[in-house]
$ cat structure.txt   # compact mmCIF, C-alpha atoms
# COMPACT_ATOMS: atom_id res chain seq x y z
CA MET A 205 67.01 19.07 98.30
CA GLU A 206 64.63 20.45 95.69
CA PRO A 207 65.76 18.20 92.78
CA GLN A 208 65.46 15.21 95.11
CA VAL A 209 61.75 15.96 95.67
CA THR A 210 61.10 16.47 91.94
CA GLN A 211 62.85 13.22 91.20
CA SER A 212 60.75 11.35 93.70
CA VAL A 213 57.51 12.91 92.37
CA LEU A 214 58.40 11.83 88.84
CA GLY A 215 59.38 8.42 90.17
CA THR A 216 56.06 8.05 91.97
CA LEU A 217 54.22 8.90 88.79
CA GLY A 218 56.17 6.20 87.02
CA ILE A 219 58.41 8.36 84.89
CA ASP A 220 61.41 6.39 83.73
CA TRP A 221 63.51 7.85 80.93
CA LYS A 222 64.01 4.45 79.30
CA LEU A 223 60.28 3.77 79.22
CA PHE A 224 59.66 7.36 78.15
CA LEU A 225 61.99 6.94 75.18
CA ALA A 226 60.47 3.56 74.33
CA GLN A 227 56.95 5.02 74.36
CA LEU A 228 58.16 8.01 72.35
CA ILE A 229 59.59 5.62 69.76
CA ASN A 230 56.33 3.66 69.66
CA PHE A 231 54.33 6.81 69.10
CA GLY A 232 56.87 8.02 66.56
CA ILE A 233 56.56 4.78 64.63
CA VAL A 234 52.78 5.12 64.56
CA VAL A 235 53.00 8.73 63.35
CA PHE A 236 55.53 7.73 60.72
CA VAL A 237 53.60 4.79 59.30
CA MET A 238 50.33 6.74 59.31
CA TRP A 239 52.03 9.65 57.58
CA LYS A 240 53.94 7.59 55.05
CA TRP A 241 51.45 4.85 54.23
CA VAL A 242 48.04 6.30 54.95
CA TYR A 243 47.75 10.09 54.95
CA THR A 244 50.08 10.96 52.09
CA PRO A 245 48.95 8.37 49.52
CA LEU A 246 45.32 8.56 50.56
CA LEU A 247 45.11 12.34 50.37
CA ALA A 248 46.93 12.30 47.05
CA MET A 249 44.44 9.75 45.76
CA MET A 250 41.49 11.72 47.11
CA ASP A 251 42.79 14.90 45.48
CA LYS A 252 43.30 13.06 42.23
CA ARG A 253 39.79 11.67 42.38
CA THR A 254 38.30 15.06 43.20
CA LYS A 255 40.17 16.59 40.28
CA GLU A 256 39.06 13.86 37.92
CA ILE A 257 35.44 14.17 38.96
CA THR A 258 35.58 17.95 38.62
CA ASP A 259 37.21 17.65 35.21
CA GLY A 260 34.72 14.99 34.17
CA LEU A 261 31.77 17.14 35.16
CA LYS A 262 33.26 20.11 33.37
CA ASN A 263 33.89 18.02 30.26
CA ALA A 264 30.34 16.72 30.32
CA LYS A 265 29.07 20.28 30.61
CA ASP A 266 31.30 21.37 27.73
CA ALA A 267 30.19 18.44 25.63
CA LYS A 268 26.55 19.30 26.28
CA LYS A 269 27.19 22.91 25.36
CA ASN A 270 29.01 21.82 22.19
CA LEU A 271 26.14 19.52 21.30
CA THR A 272 23.61 22.31 21.75
CA GLU A 273 25.75 24.59 19.63
CA ALA A 274 26.18 21.94 16.98
CA GLU A 275 22.44 21.36 16.90
CA ALA A 276 21.78 25.07 16.54
CA GLU A 277 24.39 25.24 13.80
CA ARG A 278 22.83 22.28 12.03
CA ASP A 279 19.36 23.85 12.25
CA ARG A 280 20.72 27.11 10.92
CA LEU A 281 22.44 25.32 8.03
CA VAL A 282 19.32 23.36 7.17
CA GLN A 283 17.31 26.56 7.29
CA GLU A 284 19.80 28.31 5.07
CA ALA A 285 19.92 25.42 2.62
CA ARG A 286 16.16 25.32 2.49
CA ALA A 287 15.98 29.05 1.83
CA ALA A 288 18.69 28.80 -0.79
CA GLY A 289 16.90 25.90 -2.45
CA HIS A 290 13.69 27.83 -2.44
CA ALA A 291 15.34 30.86 -3.97
CA LEU A 292 17.00 28.68 -6.54
CA LEU A 293 13.71 27.07 -7.41
CA GLU A 294 11.96 30.39 -7.79
CA ASP A 295 14.78 31.72 -9.88
CA ALA A 296 14.67 28.65 -12.08
CA GLN A 297 10.93 28.99 -12.45
CA ALA A 298 11.26 32.64 -13.37
CA LYS A 299 14.00 31.86 -15.84
CA ALA A 300 12.02 29.03 -17.35
CA GLU A 301 9.02 31.31 -17.66
CA ALA A 302 11.12 33.97 -19.32
CA LEU A 303 12.65 31.39 -21.61
CA ARG A 304 9.24 30.02 -22.47
CA GLN A 305 7.99 33.50 -23.19
CA SER A 306 10.94 34.35 -25.39
CA LYS A 307 10.72 31.00 -27.21
CA LEU A 308 7.04 31.52 -27.63
CA ALA A 309 7.61 34.95 -29.09
CA GLU A 310 10.33 33.62 -31.34
CA THR A 311 8.16 30.79 -32.53
CA LYS A 312 5.30 33.13 -33.12
CA GLN A 313 7.55 35.35 -35.10
CA GLU A 314 8.85 32.43 -37.08
CA ILE A 315 5.39 31.17 -37.72
CA GLU A 316 4.32 34.56 -38.86
CA LYS A 317 7.34 34.75 -41.07
CA VAL A 318 6.63 31.32 -42.52
CA VAL A 319 2.99 32.22 -42.94
CA THR A 320 3.91 35.47 -44.63
CA GLU A 321 6.36 33.70 -46.90
CA ALA A 322 3.81 31.07 -47.69
CA LYS A 323 1.24 33.72 -48.37
CA GLU A 324 3.66 35.53 -50.60
CA ARG A 325 4.57 32.37 -52.36
CA ILE A 326 0.93 31.42 -52.76
CA SER A 327 0.03 34.81 -54.08
CA GLY A 328 3.04 34.73 -56.41
CA GLU A 329 2.12 31.30 -57.59
CA ARG A 330 -1.42 32.36 -57.96
CA ASP A 331 -0.37 35.41 -59.96
CA ALA A 332 1.89 33.25 -62.06
CA ALA A 333 -0.89 30.74 -62.51
CA PHE A 334 -3.25 33.54 -63.21
CA SER A 335 -1.03 35.13 -65.81
CA ALA A 336 -0.31 31.73 -67.30
CA LEU A 337 -4.00 31.06 -67.33
CA GLN A 338 -4.61 34.48 -68.83
CA LYS A 339 -2.08 33.71 -71.50
CA ASP A 340 -3.62 30.30 -72.10
CA ILE A 341 -7.05 31.81 -72.20
CA ALA A 342 -5.83 34.55 -74.48
CA ASP A 343 -4.31 31.93 -76.75
CA MET A 344 -7.47 29.89 -76.63
CA VAL A 345 -9.50 32.98 -77.18
CA ALA A 346 -7.26 33.98 -80.04
CA LEU A 347 -7.55 30.50 -81.42
CA ALA A 348 -11.25 30.47 -80.93
CA THR A 349 -11.53 33.89 -82.30
CA GLU A 350 -9.46 32.94 -85.30
CA LYS A 351 -11.76 30.07 -85.94
CA VAL A 352 -14.82 32.22 -85.39
CA ALA A 353 -13.29 35.12 -87.29
CA LEU A 354 -12.71 33.01 -90.33
CA GLU A 355 -16.39 32.53 -90.51
CA LEU A 356 -17.19 36.26 -89.98
CA ASP A 357 -16.93 39.25 -92.28
CA ASP A 358 -14.74 42.17 -91.53
CA LYS A 359 -17.48 44.25 -90.10
CA GLN A 360 -18.70 41.66 -87.79
CA GLN A 361 -15.10 40.95 -86.84
CA HIS A 362 -14.52 44.49 -85.99
CA THR A 363 -17.62 44.82 -83.87
CA LEU A 364 -16.93 41.70 -81.98
CA ILE A 365 -13.34 42.60 -81.30
CA THR A 366 -14.24 46.00 -80.08
CA LYS A 367 -16.93 44.59 -77.86
CA ALA A 368 -14.56 41.98 -76.51
CA ILE A 369 -11.88 44.46 -75.81
CA ASN A 370 -14.35 46.60 -73.99
CA GLU A 371 -15.53 43.71 -71.94
CA ILE A 372 -12.02 42.72 -71.02
CA LYS A 373 -11.26 46.19 -69.86
CA MET B 194 43.14 -5.40 94.39
CA ASN B 195 45.84 -2.86 94.04
CA ILE B 196 46.51 -0.59 91.11
CA PRO B 197 49.75 1.30 91.42
CA ILE B 198 49.90 4.73 89.80
CA SER B 199 52.83 3.69 87.68
CA ALA B 200 52.75 0.84 85.18
CA GLU B 201 54.07 -2.41 86.65
CA THR B 202 57.20 -4.05 85.37
CA LEU B 203 56.61 -7.55 84.05
CA PHE B 204 60.18 -8.48 83.22
CA HIS B 205 63.42 -6.93 82.12
CA ILE B 206 65.11 -7.09 78.74
CA GLY B 207 68.68 -6.36 79.68
CA ASN B 208 68.38 -3.12 81.53
CA PHE B 209 65.02 -2.18 80.09
CA PRO B 210 61.93 -2.68 82.24
CA VAL B 211 59.04 -4.03 80.17
CA THR B 212 55.83 -2.74 81.75
CA ASN B 213 52.30 -3.87 81.09
CA ALA B 214 51.35 -0.46 79.64
CA TYR B 215 54.33 -0.70 77.32
CA VAL B 216 53.12 -4.12 76.18
CA ASN B 217 49.77 -2.54 75.26
CA SER B 218 51.28 0.36 73.38
CA SER B 219 53.64 -1.99 71.52
CA ILE B 220 50.78 -4.26 70.50
CA LEU B 221 48.92 -1.24 69.21
CA THR B 222 52.00 0.06 67.40
CA LEU B 223 52.51 -3.31 65.76
CA ALA B 224 48.84 -3.38 64.74
CA PHE B 225 49.19 0.09 63.24
CA VAL B 226 52.28 -0.89 61.28
CA ILE B 227 50.59 -4.00 59.88
CA PHE B 228 47.37 -2.17 59.08
CA CYS B 229 49.10 0.78 57.42
CA LEU B 230 51.35 -1.51 55.40
CA ILE B 231 48.41 -3.54 54.11
CA PHE B 232 46.28 -0.45 53.62
CA SER B 233 48.91 1.43 51.63
CA ARG B 234 49.08 -1.47 49.15
CA GLN B 235 45.41 -1.29 48.29
CA ILE B 236 44.74 2.40 47.89
CA THR B 237 42.87 2.68 44.62
CA LYS B 238 40.93 5.31 42.76
CA ILE B 239 37.73 3.36 43.15
CA PRO B 240 37.78 2.86 46.92
CA SER B 241 37.19 -0.43 48.68
CA ARG B 242 34.91 -0.46 51.72
CA LEU B 243 37.91 -0.16 54.01
CA GLN B 244 39.29 2.76 52.06
CA THR B 245 35.91 4.47 52.08
CA ALA B 246 35.77 4.05 55.85
CA VAL B 247 39.25 5.55 56.31
CA GLU B 248 38.43 8.36 53.90
CA SER B 249 35.25 9.22 55.75
CA LEU B 250 37.19 9.22 59.02
CA LEU B 251 39.63 11.68 57.48
CA GLU B 252 36.83 13.91 56.22
CA PHE B 253 35.20 13.72 59.64
CA LEU B 254 38.45 14.77 61.32
CA PHE B 255 38.99 17.55 58.78
CA GLY B 256 35.54 18.89 59.62
CA TYR B 257 36.62 19.40 63.23
CA PHE B 258 40.19 20.41 62.44
CA ASP B 259 39.04 23.16 60.10
CA GLN B 260 37.05 24.75 62.91
CA VAL B 261 40.23 25.05 64.96
CA THR B 262 42.82 25.83 62.31
CA GLY B 263 40.52 27.98 60.20
CA SER B 264 41.81 26.61 56.90
CA ARG B 265 41.90 23.26 55.17
CA GLU B 266 45.48 23.86 54.16
CA LYS B 267 46.61 24.10 57.78
CA SER B 268 44.45 21.12 58.74
CA ARG B 269 46.21 19.06 56.09
CA ARG B 270 49.59 20.19 57.34
CA PHE B 271 48.78 19.20 60.91
CA LEU B 272 46.92 15.99 60.02
CA PRO B 273 49.89 13.61 60.32
CA LEU B 274 50.38 14.54 63.97
CA ALA B 275 46.88 15.51 65.06
CA GLY B 276 45.11 12.73 63.17
CA THR B 277 47.49 10.11 64.50
CA LEU B 278 47.11 11.46 68.03
CA PHE B 279 43.36 11.07 67.81
CA VAL B 280 43.31 7.57 66.36
CA PHE B 281 46.16 6.31 68.52
CA ILE B 282 44.77 7.66 71.79
CA LEU B 283 41.25 6.51 70.98
CA LEU B 284 42.31 2.98 70.09
CA SER B 285 44.67 2.62 73.02
CA ASN B 286 41.90 3.81 75.35
CA TRP B 287 39.48 1.27 73.93
CA LEU B 288 42.09 -1.47 73.80
CA GLY B 289 42.50 -1.06 77.56
CA LEU B 290 38.81 -1.84 78.02
CA LEU B 291 38.92 -5.22 76.31
CA PRO B 292 38.47 -8.20 78.60
CA GLY B 293 41.77 -9.54 79.81
CA SER B 294 43.51 -6.27 80.44
CA GLY B 295 43.92 -5.99 84.16
CA SER B 296 42.78 -9.55 84.82
CA ILE B 297 45.33 -11.79 83.12
CA GLY B 298 48.71 -11.55 84.76
CA ARG B 299 51.77 -13.01 86.35
CA TRP B 300 52.17 -13.61 90.03
CA LEU B 301 55.19 -11.56 90.95
CA LEU B 302 56.84 -10.43 94.09
CA VAL B 303 55.98 -6.77 94.57
CA ASP B 304 57.19 -4.91 97.64
CA GLY B 305 57.69 -8.14 99.50
CA LYS B 306 54.23 -9.51 98.65
CA ILE B 307 53.10 -11.90 95.96
CA GLU B 308 50.68 -10.06 93.70
CA LEU B 309 48.96 -10.58 90.38
CA VAL B 310 50.59 -8.20 87.93
CA PRO B 311 48.40 -7.78 84.84
CA VAL B 312 50.09 -8.37 81.50
CA LEU B 313 47.95 -5.72 79.83
CA ARG B 314 47.23 -2.24 81.08
CA SER B 315 45.67 0.63 79.18
CA ALA B 316 48.57 2.34 77.42
CA ASN B 317 47.51 5.82 78.44
CA SER B 318 47.41 4.93 82.11
CA ASP B 319 51.18 5.20 81.93
CA LEU B 320 52.45 8.74 82.27
CA ASN B 321 55.47 7.94 80.08
CA LEU B 322 53.32 7.58 76.98
CA THR B 323 51.10 10.59 77.62
CA LEU B 324 54.15 12.70 78.41
CA ALA B 325 55.83 11.51 75.23
CA MET B 326 52.80 12.53 73.18
CA ALA B 327 52.37 15.86 74.97
CA LEU B 328 56.04 16.74 74.52
CA THR B 329 55.89 15.72 70.87
CA SER B 330 52.86 17.95 70.32
CA VAL B 331 54.31 21.01 72.07
CA ILE B 332 57.74 20.63 70.47
CA ALA B 333 56.08 20.11 67.10
CA SER B 334 54.12 23.34 67.63
CA HIS B 335 57.39 25.19 68.22
CA VAL B 336 59.02 23.64 65.18
CA VAL B 337 55.99 24.61 63.09
CA GLY B 338 56.16 28.12 64.55
CA MET B 339 59.83 28.47 63.70
CA PHE B 340 59.30 27.26 60.15
CA THR B 341 56.16 29.33 59.56
CA LEU B 342 57.12 32.63 61.17
CA GLY B 343 60.89 32.42 61.13
CA PHE B 344 63.24 31.62 63.97
CA PHE B 345 63.43 35.11 65.54
CA THR B 346 59.78 36.04 65.16
CA HIS B 347 58.84 32.81 66.85
CA TRP B 348 61.19 33.05 69.82
CA ASN B 349 60.48 36.76 70.18
CA LYS B 350 57.07 35.64 71.42
CA PHE B 351 58.84 34.33 74.52
CA ILE B 352 62.07 36.24 74.89
CA GLN B 353 60.97 39.63 73.65
CA LEU B 354 64.41 41.22 73.34
CA GLY B 355 63.63 42.27 69.79
CA SER B 356 60.51 44.19 70.79
CA LEU B 357 62.36 45.70 73.77
CA TRP B 358 65.18 46.90 71.53
CA LYS B 359 62.74 48.45 69.07
CA ALA B 360 60.99 50.24 71.94
CA ILE B 361 64.29 51.57 73.27
CA LEU B 362 65.16 52.86 69.81
CA THR B 363 61.95 54.91 69.69
CA GLY B 364 62.98 56.61 72.96
CA ASN B 365 59.37 56.78 74.08
CA ILE B 366 59.21 56.08 77.84
CA ILE B 367 55.72 54.60 77.76
CA LYS B 368 56.64 52.29 74.92
CA ILE B 369 59.75 51.17 76.78
CA ILE B 370 57.77 50.44 79.94
CA THR B 371 55.19 48.54 77.91
CA ALA B 372 57.96 46.55 76.28
CA ILE B 373 59.44 45.69 79.68
CA VAL B 374 56.06 44.45 80.84
CA GLU B 375 55.67 42.49 77.59
CA PHE B 376 59.09 40.99 78.23
CA GLY B 377 57.86 39.72 81.59
CA VAL B 378 54.72 38.36 79.93
CA GLY B 379 56.93 36.54 77.44
CA LEU B 380 58.75 34.83 80.30
CA LEU B 381 55.38 33.81 81.72
CA GLU B 382 54.48 32.40 78.32
CA MET B 383 57.51 30.15 78.61
CA ILE B 384 56.19 28.78 81.87
CA SER B 385 52.82 28.26 80.22
CA GLU B 386 54.55 26.14 77.58
CA VAL B 387 55.72 23.83 80.34
CA ALA B 388 52.22 23.92 81.79
CA LYS B 389 50.85 22.86 78.41
CA VAL B 390 52.94 19.70 78.49
CA LEU B 391 51.96 18.95 82.05
CA SER B 392 48.26 19.60 81.57
CA LEU B 393 48.08 17.59 78.35
CA SER B 394 49.88 14.58 79.74
CA LEU B 395 48.35 14.58 83.21
CA ARG B 396 44.78 15.09 81.96
CA LEU B 397 44.90 12.08 79.68
CA PHE B 398 46.79 9.97 82.17
CA GLY B 399 44.50 10.96 85.05
CA ASN B 400 41.30 10.25 83.15
CA ILE B 401 42.31 6.87 81.85
CA PHE B 402 43.95 5.81 85.09
CA ALA B 403 40.89 6.87 87.06
CA GLY B 404 38.76 4.84 84.66
CA GLU B 405 40.90 1.79 85.26
CA VAL B 406 40.61 2.18 89.01
CA LEU B 407 36.88 2.80 88.80
CA ILE B 408 36.21 -0.32 86.76
CA THR B 409 38.44 -2.45 88.94
CA VAL B 410 36.75 -1.24 92.09
CA ILE B 411 33.23 -1.71 90.73
CA SER B 412 34.11 -5.13 89.32
CA SER B 413 35.49 -6.24 92.63
CA LEU B 414 32.28 -5.17 94.34
CA VAL B 415 29.83 -6.74 91.89
CA SER B 416 31.29 -8.80 89.09
CA PHE B 417 28.28 -9.04 86.76
CA PHE B 418 26.17 -6.40 84.96
CA VAL B 419 26.86 -3.58 87.40
CA PRO B 420 30.22 -2.61 85.77
CA LEU B 421 28.56 -2.39 82.34
CA PRO B 422 27.36 1.23 82.61
CA PHE B 423 30.80 2.19 83.82
CA MET B 424 32.37 0.40 80.86
CA ALA B 425 30.07 2.38 78.58
CA LEU B 426 31.10 5.52 80.40
CA GLU B 427 34.75 4.63 79.83
CA LEU B 428 34.09 4.16 76.12
CA ILE B 429 32.80 7.73 76.04
CA VAL B 430 35.69 8.98 78.18
CA GLY B 431 38.04 7.34 75.68
CA VAL B 432 36.52 9.35 72.81
CA VAL B 433 36.31 12.57 74.80
CA GLN B 434 39.90 12.42 76.01
CA ALA B 435 41.21 11.57 72.55
CA THR B 436 39.26 14.54 71.18
CA VAL B 437 40.42 16.92 73.90
CA PHE B 438 44.06 15.94 73.52
CA THR B 439 43.91 16.24 69.73
CA MET B 440 42.06 19.53 69.72
CA LEU B 441 44.41 21.10 72.26
CA ALA B 442 47.45 19.92 70.34
CA LEU B 443 45.86 21.40 67.23
CA VAL B 444 45.19 24.69 69.01
CA TYR B 445 48.83 24.87 70.08
CA LEU B 446 49.96 24.15 66.54
CA THR B 447 47.62 26.79 65.15
CA VAL B 448 48.55 29.44 67.70
CA MET B 449 52.26 28.86 67.20
CA SER B 450 51.91 29.14 63.43
CA SER B 451 49.96 32.42 63.72
CA PRO B 452 51.71 35.80 63.77
CA PRO B 453 52.38 37.11 67.33
CA HIS B 454 50.28 39.62 69.28
CA GLY B 455 50.17 43.18 68.09
CA GLU B 456 50.19 42.28 64.42
CA GLY B 457 46.49 42.44 63.93
CA HIS B 458 45.64 38.84 64.66
CA GLU B 459 44.38 39.16 68.18
CA ASP B 460 40.81 38.13 67.30
CA GLU B 461 41.95 34.86 65.80
CA TYR B 462 44.18 34.28 68.78
CA GLY B 463 41.36 34.96 71.19
CA ALA B 464 39.05 32.60 69.33
CA ALA B 465 41.60 29.78 69.42
CA GLU B 466 42.16 30.26 73.15
CA ALA B 467 38.44 30.43 73.86
CA GLU B 468 38.06 27.15 72.06
CA ALA B 469 40.85 25.67 74.15
CA VAL B 470 39.06 26.76 77.31
CA ALA B 471 35.79 25.33 76.00
CA ALA B 472 37.52 22.01 75.28
CA HIS B 473 38.58 21.74 78.92
$ encode --input "structure.txt" --output "structure tokens"
Amino acid sequence: MEPQVTQSVLGTLGIDWKLFLAQLINFGIVVFVMWKWVYTPLLAMMDKRTKEITDGLKNAKDAKKNLTEAEAERDRLVQEARAAGHALLEDAQAKAEALRQSKLAETKQEIEKVVTEAKERISGERDAAFSALQKDIADMVALATEKVALELDDKQQHTLITKAINEIK
Amino acid sequence: MNIPISAETLFHIGNFPVTNAYVNSSILTLAFVIFCLIFSRQITKIPSRLQTAVESLLEFLFGYFDQVTGSREKSRRFLPLAGTLFVFILLSNWLGLLPGSGSIGRWLLVDGKIELVPVLRSANSDLNLTLAMALTSVIASHVVGMFTLGFFTHWNKFIQLGSLWKAILTGNIIKIITAIVEFGVGLLEMISEVAKVLSLSLRLFGNIFAGEVLITVISSLVSFFVPLPFMALELIVGVVQATVFTMLALVYLTVMSSPPHGEGHEDEYGAAEAEAVAAH
């Protein structure tokens, strides 16, 4: 009796196993197509997009960081180069100064040497000239004296000679 | 003016009675197949307007699903069933409100009288469909439970022979008595599983069927303007019922995929059930 009642209740509510199955299949088809053609590919695409955007943002951040680093590096290098150039310049200046000083000293020395040599040579030449002159003068004097002496007597000669010798001394 | 509680048969294909509610659900199914087929072809990385709309619907659903399941991972796992339930129920509810359903029909001999049998009838005002969906949801929750927790852990929630045996092994009288009581509770849980199916299917069916009757009655009293507020009300009922059905199905799925009582997850359990009660 009990199953009879249940059956009639289900029947009143319109339950029919054929229709039930048909509706189940309809719903199943909808679930299947939504699953297969919408949810799975769409979620995969959304995940992919999210990943790409995340990666892109991260890359941009990295690139910015790299750029900042590169700029700092460049500044540092320029600074270093400038400092090195400066040092080099100062060094060169110092070296040039030293070189100039040493050259100057050398030149001075050389000049002094040349001057000394010239002086020596001049004095030598002068001495030579002087002695030559002395000799010439002596010759001339002797000649002159000879000529004068020929006209003088012995006594006069003697006096004159003595006087001359004294004067020369 | 006569709306029978069961969907009316329009004609037979062989042995199979084609009812007006079945016509509606088939039209909707066909529309879904066509839409999904076209949509799947044009999923691109840079979304079209249509794709953006579908994506925002998904995100919107996920927002609600996450509140029930507690994790996006679970929401994604349950989306194929829960998401389809929502969209399918919502659209079939709204489809039943379009002009023509309930008014265009064939004159057929019903119970010895000639009556106008509508060609279209809201798909969810047929208990067959709502029962099919409710059964699918509850069975799916058990399948999910078996796969997530393991076959024996899952069924031990209902037939607690395992817990009983463990209690007997301890030899502690109080534990054994508790286990016997728990065993009885497990049997009650089984009845509640049947109740889940009934409540899910009858709630949706009852609401939509009542809406149909209401609109028919009001329209037959005053044909113009007066039914409009009721139509608006039915639009809202369509959304609310789709939401309730989906959320409850989701709660069942979540509860069945959570570890059983007594393993430190009672709070979560309680929260899910409280939400279920609130959804009612």
$ residues_around --input "structure.txt" --residues "segment 383-386 of chain B" --least-positions-apart "2" --cutoff "12 Å" --atoms "all atoms listed in the file" --output "list in words"
Ala327, Leu328, Ser330, Val331, Ile332, Ser334, His335, Trp348, Asn349, Lys350, Phe351, Ile352, Gln353, Phe376, Gly377, Val378, Gly379, Leu380, Leu381, Ala388, Lys389, Val390, Leu391, Ser392, Leu393, Ala442, Tyr445 and Met449 of chain B
$ interface_residues --input "structure.txt" --of "chain A" --to "chain B" --cutoff "8 Å" --atoms "only C-alpha atoms" --output "PyMOL selection string"
chain A and resi 216-220+222-225+227-228+230-231+233-235+237-239+241-243+245-246+249-250+253
$ closest_residue --input "structure.txt" --among "B:Gly298, B:Gly343, B:Pro292, B:Gly256" --to "Pro452 of chain B" --atoms "all atoms listed in the file"
B:Gly343
$ residues_around --input "structure.txt" --residues "Gly404 of chain B" --least-positions-apart "5" --cutoff "10 Å" --atoms "all atoms listed in the file" --output "list of chain:residue names"
B:Asn286, B:Gly289, B:Leu290, B:Ser315, B:Ser318, B:Phe398, B:Gly399, B:Thr409, B:Val410, B:Phe423, B:Met424, B:Leu426, B:Glu427, B:Leu428, B:Val430, B:Gly431
$ axis_aligned_box --input "structure.txt" --around "segment 386-394 of chain B" --padding-each-side "5 Å" --output "JSON"
{"center_x": 51.9, "center_y": 20.4, "center_z": 79.8, "size_x": 17.6, "size_y": 21.6, "size_z": 14.5}
$ decode --input "structure.txt" --residues "segment 308-313 of chain A" --atoms "all heavy atoms" --output "compact mmCIF listing (two decimals), in the first residue's frame"
# COMPACT_ATOMS: atom_id res chain seq x y z
N LEU A 308 116.74 73.45 -16.82
CA LEU A 308 117.22 74.81 -16.54
C LEU A 308 118.59 74.75 -15.87
O LEU A 308 119.54 75.44 -16.27
CB LEU A 308 116.21 75.50 -15.63
CG LEU A 308 116.18 77.02 -15.70
CD1 LEU A 308 115.77 77.45 -17.11
CD2 LEU A 308 115.22 77.59 -14.66
N ALA A 309 118.65 73.83 -14.87
CA ALA A 309 119.90 73.70 -14.13
C ALA A 309 121.00 73.26 -15.06
O ALA A 309 122.12 73.82 -15.06
CB ALA A 309 119.70 72.68 -13.01
N GLU A 310 120.65 72.28 -15.92
CA GLU A 310 121.64 71.75 -16.86
C GLU A 310 122.15 72.87 -17.77
O GLU A 310 123.36 73.05 -17.96
CB GLU A 310 120.97 70.69 -17.71
CG GLU A 310 121.82 69.47 -17.97
CD GLU A 310 120.97 68.39 -18.63
OE1 GLU A 310 120.87 68.40 -19.89
OE2 GLU A 310 120.39 67.55 -17.90
N THR A 311 121.18 73.59 -18.29
CA THR A 311 121.53 74.68 -19.21
C THR A 311 122.42 75.72 -18.53
O THR A 311 123.43 76.16 -19.10
CB THR A 311 120.24 75.36 -19.71
OG1 THR A 311 119.32 74.36 -20.09
CG2 THR A 311 120.53 76.28 -20.88
N LYS A 312 122.00 75.99 -17.29
CA LYS A 312 122.79 76.98 -16.54
C LYS A 312 124.23 76.52 -16.42
O LYS A 312 125.17 77.28 -16.69
CB LYS A 312 122.20 77.12 -15.13
CG LYS A 312 121.52 78.47 -14.90
CD LYS A 312 121.06 78.56 -13.45
CE LYS A 312 119.97 79.61 -13.32
NZ LYS A 312 119.27 79.48 -12.03
N GLN A 313 124.28 75.20 -16.06
CA GLN A 313 125.60 74.63 -15.87
C GLN A 313 126.41 74.75 -17.16
O GLN A 313 127.58 75.18 -17.16
CB GLN A 313 125.44 73.15 -15.50
CG GLN A 313 126.27 72.75 -14.31
CD GLN A 313 125.87 71.35 -13.87
OE1 GLN A 313 125.21 70.63 -14.60
NE2 GLN A 313 126.29 70.97 -12.69
